[in-house]
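Q: Structure below; questions to follow.
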Amino acid sequence: MIKNTNDGSNNKPSLRIDINYGTCEDLPAFSVGPKGTDREKHEAIVKAGFGGIQDGDPELCKEFNLQLTAHARVNEVGDINDVLPLWKALNYNCATVHLGWGMESDDEMDTLVNYIKVSSINYDIPIYIETHRATITQDLFRTVELTKRFPEVRFNGDFSHWYTGQEMVYGGIENKWDFIQPVFDRVRFMHGRIGNPGCIQVDVANDENLSYVNHFKEMWKRSFLGFLKTAKPGDYICFTVELLKADIFYARTISTKNEGDQEEGDRWQQALLYKKIVQQCWEAANSEFNFK
């Protein structure tokens, strides 16, 4: 659970905006995003100004000077023993994991977290535990309690799972934000996805002032502030847009007269909009941090 650090030690703490390769998978016909070969997709990603790809092709990322991040599911101790040397050899600069199924006891949780901690240290690669449904971090309370037992834990904040799955607006979202501040303080990687209280991934069109969009802006800004509190020169936080297809029940579909059911929006255009929104959140966090 070490941190992301750039080579240049004199650099200010920074934001890197990446994209998960699944965002380009099976884009609908009306999308303006890349639908061709892996090479064409990687080229489009770099031209759009993204800094890296999660689950990208290592050779193409090297060719296009894109950073590379990994992901994995870990159900038991030892599950990533085989891929850790590969991540290191292929210059993956960090990884995110879905850890456990959410039915573990506290002792079982701690065993899994310690495995991730030791693996991260031994291979000198940051490994971030993702806030995700059907994992040990699916619950706000247990995740906050985990930070008390492992203050050094670092997270991939995928807040759509909590926002929708735990209906964070119910009972006052400000109360929830204050309660999970220990998580915000430990976020060093984020999956960019916006949901509403009833659906985990929604098209926000160009309306950046919807209530739920503003809620995600606040969570992203709080995470940036948590990072800035302890960031050293050269450290960076990674925001990775992850907008997934309808076939796996992420993108919503609408019925059309002539085209049948289709995704409600263009995930590629949404990714570019997220890029703009999160940059604004980063600038707001820096202004607030410097003001303090």
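Order determines the names: the first chain of the structure tokens is A, the second B, and so forth; residues in each chain are numbered 1 upward, and ligands are numbered 1 upward as they are shown.
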So that I can check the secondary structure, give me every residue of region 118-255 of chain A assigned alpha helix (DSSP H) by backbone DSSP, as a VMD selection string.
A: chain A and resid 118 to 123 140 to 149 160 to 165 173 to 179 181 to 184 211 to 230
Q: Sort by chain and increasing residue number a table of all residues of region 211-236 of chain A within 10 Å of region 180-185 of chain A, each with its closest pair of atoms and their distance in Å to one decimal, counting only C-alpha atoms, and write it as CSV.
A:
residue,atom,partner,partner_atom,distance
A:Met219,CA,A:Phe184,CA,7.6
A:Trp220,CA,A:Phe184,CA,8.4
A:Lys221,CA,A:Phe184,CA,9.1
A:Arg222,CA,A:Phe184,CA,6.0
A:Ser223,CA,A:Phe184,CA,4.6
A:Phe224,CA,A:Phe184,CA,8.0
A:Leu225,CA,A:Asp185,CA,7.4
A:Gly226,CA,A:Asp185,CA,3.8
A:Phe227,CA,A:Asp185,CA,6.3
A:Leu228,CA,A:Asp185,CA,9.0
A:Lys229,CA,A:Asp185,CA,8.0
A:Thr230,CA,A:Asp185,CA,9.0
Q: Kindly save the residues from that selection, with all heavy atoms included, as an mmCIF file, in the first residue's frame.
A:
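In the end it all went to part.cif:
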data_model
loop_
_atom_site.group_PDB
_atom_site.id
_atom_site.type_symbol
_atom_site.label_atom_id
_atom_site.label_comp_id
_atom_site.auth_asym_id
_atom_site.auth_seq_id
_atom_site.Cartn_x
_atom_site.Cartn_y
_atom_site.Cartn_z
ATOM 1 N N MET A 219 -17.358 14.430 -3.437
ATOM 2 C CA MET A 219 -16.590 13.260 -2.991
ATOM 3 C C MET A 219 -15.214 13.222 -3.643
ATOM 4 O O MET A 219 -14.221 12.878 -3.000
ATOM 5 C CB MET A 219 -17.376 11.975 -3.273
ATOM 6 C CG MET A 219 -18.610 11.822 -2.390
ATOM 7 S SD MET A 219 -19.413 10.196 -2.507
ATOM 8 C CE MET A 219 -20.255 10.343 -4.081
ATOM 9 N N TRP A 220 -15.156 13.594 -4.922
ATOM 10 C CA TRP A 220 -13.869 13.619 -5.599
ATOM 11 C C TRP A 220 -12.979 14.715 -5.004
ATOM 12 O O TRP A 220 -11.784 14.496 -4.784
ATOM 13 C CB TRP A 220 -14.075 13.838 -7.098
ATOM 14 C CG TRP A 220 -14.783 12.687 -7.769
ATOM 15 C CD1 TRP A 220 -14.940 11.417 -7.292
ATOM 16 C CD2 TRP A 220 -15.443 12.718 -9.036
ATOM 17 N NE1 TRP A 220 -15.655 10.651 -8.190
ATOM 18 C CE2 TRP A 220 -15.981 11.407 -9.259
ATOM 19 C CE3 TRP A 220 -15.655 13.694 -10.006
ATOM 20 C CZ2 TRP A 220 -16.685 11.090 -10.419
ATOM 21 C CZ3 TRP A 220 -16.362 13.378 -11.166
ATOM 22 C CH2 TRP A 220 -16.865 12.076 -11.368
ATOM 23 N N LYS A 221 -13.554 15.880 -4.728
ATOM 24 C CA LYS A 221 -12.765 16.964 -4.149
ATOM 25 C C LYS A 221 -12.251 16.582 -2.763
ATOM 26 O O LYS A 221 -11.088 16.839 -2.426
ATOM 27 C CB LYS A 221 -13.598 18.248 -4.061
ATOM 28 C CG LYS A 221 -12.787 19.464 -3.639
ATOM 29 C CD LYS A 221 -13.654 20.693 -3.438
ATOM 30 C CE LYS A 221 -14.376 20.637 -2.101
ATOM 31 N NZ LYS A 221 -15.026 21.915 -1.742
ATOM 32 N N ARG A 222 -13.107 15.955 -1.959
ATOM 33 C CA ARG A 222 -12.680 15.527 -0.624
ATOM 34 C C ARG A 222 -11.531 14.519 -0.713
ATOM 35 O O ARG A 222 -10.614 14.534 0.113
ATOM 36 C CB ARG A 222 -13.856 14.920 0.144
ATOM 37 C CG ARG A 222 -14.834 15.959 0.691
ATOM 38 C CD ARG A 222 -16.016 15.292 1.375
ATOM 39 N NE ARG A 222 -16.918 16.268 1.958
ATOM 40 C CZ ARG A 222 -17.138 16.424 3.263
ATOM 41 N NH1 ARG A 222 -16.504 15.653 4.145
ATOM 42 N NH2 ARG A 222 -17.990 17.322 3.709
ATOM 43 N N SER A 223 -11.570 13.668 -1.704
ATOM 44 C CA SER A 223 -10.489 12.696 -1.888
ATOM 45 C C SER A 223 -9.198 13.401 -2.290
ATOM 46 O O SER A 223 -8.109 13.039 -1.824
ATOM 47 C CB SER A 223 -10.884 11.661 -2.940
ATOM 48 O OG SER A 223 -12.012 10.916 -2.527
ATOM 49 N N PHE A 224 -9.301 14.392 -3.141
ATOM 50 C CA PHE A 224 -8.118 15.156 -3.525
ATOM 51 C C PHE A 224 -7.528 15.884 -2.315
ATOM 52 O O PHE A 224 -6.303 15.925 -2.135
ATOM 53 C CB PHE A 224 -8.465 16.161 -4.617
ATOM 54 C CG PHE A 224 -8.767 15.552 -5.963
ATOM 55 C CD1 PHE A 224 -9.698 16.127 -6.811
ATOM 56 C CD2 PHE A 224 -8.113 14.394 -6.379
ATOM 57 C CE1 PHE A 224 -9.973 15.577 -8.058
ATOM 58 C CE2 PHE A 224 -8.382 13.836 -7.627
ATOM 59 C CZ PHE A 224 -9.316 14.432 -8.465
ATOM 60 N N LEU A 225 -8.388 16.435 -1.481
ATOM 61 C CA LEU A 225 -7.901 17.111 -0.279
ATOM 62 C C LEU A 225 -7.222 16.119 0.662
ATOM 63 O O LEU A 225 -6.193 16.435 1.280
ATOM 64 C CB LEU A 225 -9.057 17.815 0.432
ATOM 65 C CG LEU A 225 -9.544 19.114 -0.216
ATOM 66 C CD1 LEU A 225 -10.870 19.568 0.398
ATOM 67 C CD2 LEU A 225 -8.501 20.224 -0.066
ATOM 68 N N GLY A 226 -7.792 14.914 0.767
ATOM 69 C CA GLY A 226 -7.165 13.884 1.592
ATOM 70 C C GLY A 226 -5.776 13.526 1.086
ATOM 71 O O GLY A 226 -4.847 13.330 1.880
ATOM 72 N N PHE A 227 -5.630 13.464 -0.222
ATOM 73 C CA PHE A 227 -4.329 13.189 -0.831
ATOM 74 C C PHE A 227 -3.353 14.333 -0.555
ATOM 75 O O PHE A 227 -2.197 14.105 -0.171
ATOM 76 C CB PHE A 227 -4.524 12.993 -2.336
ATOM 77 C CG PHE A 227 -3.277 13.139 -3.163
ATOM 78 C CD1 PHE A 227 -2.276 12.181 -3.115
ATOM 79 C CD2 PHE A 227 -3.114 14.229 -4.007
ATOM 80 C CE1 PHE A 227 -1.126 12.313 -3.888
ATOM 81 C CE2 PHE A 227 -1.976 14.376 -4.782
ATOM 82 C CZ PHE A 227 -0.972 13.413 -4.723
ATOM 83 N N LEU A 228 -3.813 15.569 -0.726
ATOM 84 C CA LEU A 228 -2.924 16.721 -0.579
ATOM 85 C C LEU A 228 -2.411 16.882 0.853
ATOM 86 O O LEU A 228 -1.329 17.444 1.070
ATOM 87 C CB LEU A 228 -3.641 17.992 -1.035
ATOM 88 C CG LEU A 228 -3.887 18.095 -2.549
ATOM 89 C CD1 LEU A 228 -4.846 19.250 -2.861
ATOM 90 C CD2 LEU A 228 -2.572 18.274 -3.309
ATOM 91 N N LYS A 229 -3.182 16.376 1.817
ATOM 92 C CA LYS A 229 -2.755 16.514 3.220
ATOM 93 C C LYS A 229 -1.394 15.881 3.481
ATOM 94 O O LYS A 229 -0.633 16.368 4.315
ATOM 95 C CB LYS A 229 -3.789 15.854 4.147
ATOM 96 C CG LYS A 229 -5.098 16.603 4.296
ATOM 97 C CD LYS A 229 -6.039 15.798 5.199
ATOM 98 C CE LYS A 229 -7.420 16.416 5.266
ATOM 99 N NZ LYS A 229 -8.352 15.580 6.084
ATOM 100 N N THR A 230 -1.100 14.800 2.805
ATOM 101 C CA THR A 230 0.148 14.064 3.088
ATOM 102 C C THR A 230 1.053 13.951 1.872
ATOM 103 O O THR A 230 2.120 13.347 1.957
ATOM 104 C CB THR A 230 -0.169 12.649 3.599
ATOM 105 O OG1 THR A 230 -0.922 11.936 2.604
ATOM 106 C CG2 THR A 230 -0.975 12.697 4.899
#
Q: Among region 135-220 of chain A, which ones does DSSP assign to strand (DSSP E or B) (computed from the backbone)? Answer as a list of chain:residue names.
A: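 Of region 135-220 of chain A, only A:Phe155, A:Asn156, A:Gly157, A:Val187, A:Arg188, A:Phe189, A:Met190, A:His191, A:Gly192, A:Asn196, A:Cys199 fall in strand (DSSP E or B).
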Q: Ranking A:His161, A:Arg186, A:His98, A:Lys148 by minimum distance to Thr135 (chain A) and counting only C-alpha atoms, which one comes first?
A: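 Of A:His161, A:Arg186, A:His98, A:Lys148, the one nearest Thr135 (chain A) is A:His98, counting only C-alpha atoms.
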Q: For region 173-246 of chain A versus region 261-275 of chain A, which residues have an atom no more than 12 Å away, and what is each residue's nearest atom pair and distance in Å rounded to one decimal, using only C-alpha atoms, chain-then-number order, as JSON lines?
A:
{"residue": "A:His191", "atom": "CA", "partner": "A:Tyr274", "partner_atom": "CA", "distance": 10.9}
{"residue": "A:Gly192", "atom": "CA", "partner": "A:Tyr274", "partner_atom": "CA", "distance": 7.4}
{"residue": "A:Arg193", "atom": "CA", "partner": "A:Tyr274", "partner_atom": "CA", "distance": 8.4}
{"residue": "A:Ile194", "atom": "CA", "partner": "A:Tyr274", "partner_atom": "CA", "distance": 9.1}
{"residue": "A:Gln201", "atom": "CA", "partner": "A:Arg267", "partner_atom": "CA", "distance": 10.3}
{"residue": "A:Val202", "atom": "CA", "partner": "A:Glu264", "partner_atom": "CA", "distance": 8.2}
{"residue": "A:Asp203", "atom": "CA", "partner": "A:Gly265", "partner_atom": "CA", "distance": 5.7}
{"residue": "A:Val204", "atom": "CA", "partner": "A:Gln270", "partner_atom": "CA", "distance": 7.6}
{"residue": "A:Ala205", "atom": "CA", "partner": "A:Gln270", "partner_atom": "CA", "distance": 7.3}
{"residue": "A:Asn206", "atom": "CA", "partner": "A:Leu273", "partner_atom": "CA", "distance": 7.8}
{"residue": "A:Asp207", "atom": "CA", "partner": "A:Leu273", "partner_atom": "CA", "distance": 10.1}
{"residue": "A:Glu208", "atom": "CA", "partner": "A:Leu273", "partner_atom": "CA", "distance": 9.1}
{"residue": "A:Val213", "atom": "CA", "partner": "A:Tyr274", "partner_atom": "CA", "distance": 10.3}
{"residue": "A:Phe216", "atom": "CA", "partner": "A:Tyr274", "partner_atom": "CA", "distance": 10.8}
{"residue": "A:Lys217", "atom": "CA", "partner": "A:Tyr274", "partner_atom": "CA", "distance": 10.1}
{"residue": "A:Trp220", "atom": "CA", "partner": "A:Tyr274", "partner_atom": "CA", "distance": 11.3}
{"residue": "A:Cys238", "atom": "CA", "partner": "A:Lys275", "partner_atom": "CA", "distance": 11.9}
{"residue": "A:Phe239", "atom": "CA", "partner": "A:Lys275", "partner_atom": "CA", "distance": 8.9}
{"residue": "A:Thr240", "atom": "CA", "partner": "A:Lys275", "partner_atom": "CA", "distance": 9.2}
{"residue": "A:Val241", "atom": "CA", "partner": "A:Ala271", "partner_atom": "CA", "distance": 6.1}
{"residue": "A:Glu242", "atom": "CA", "partner": "A:Ala271", "partner_atom": "CA", "distance": 8.0}
{"residue": "A:Leu243", "atom": "CA", "partner": "A:Arg267", "partner_atom": "CA", "distance": 6.2}
{"residue": "A:Leu244", "atom": "CA", "partner": "A:Arg267", "partner_atom": "CA", "distance": 7.9}
{"residue": "A:Lys245", "atom": "CA", "partner": "A:Glu263", "partner_atom": "CA", "distance": 8.0}
{"residue": "A:Ala246", "atom": "CA", "partner": "A:Glu263", "partner_atom": "CA", "distance": 6.6}
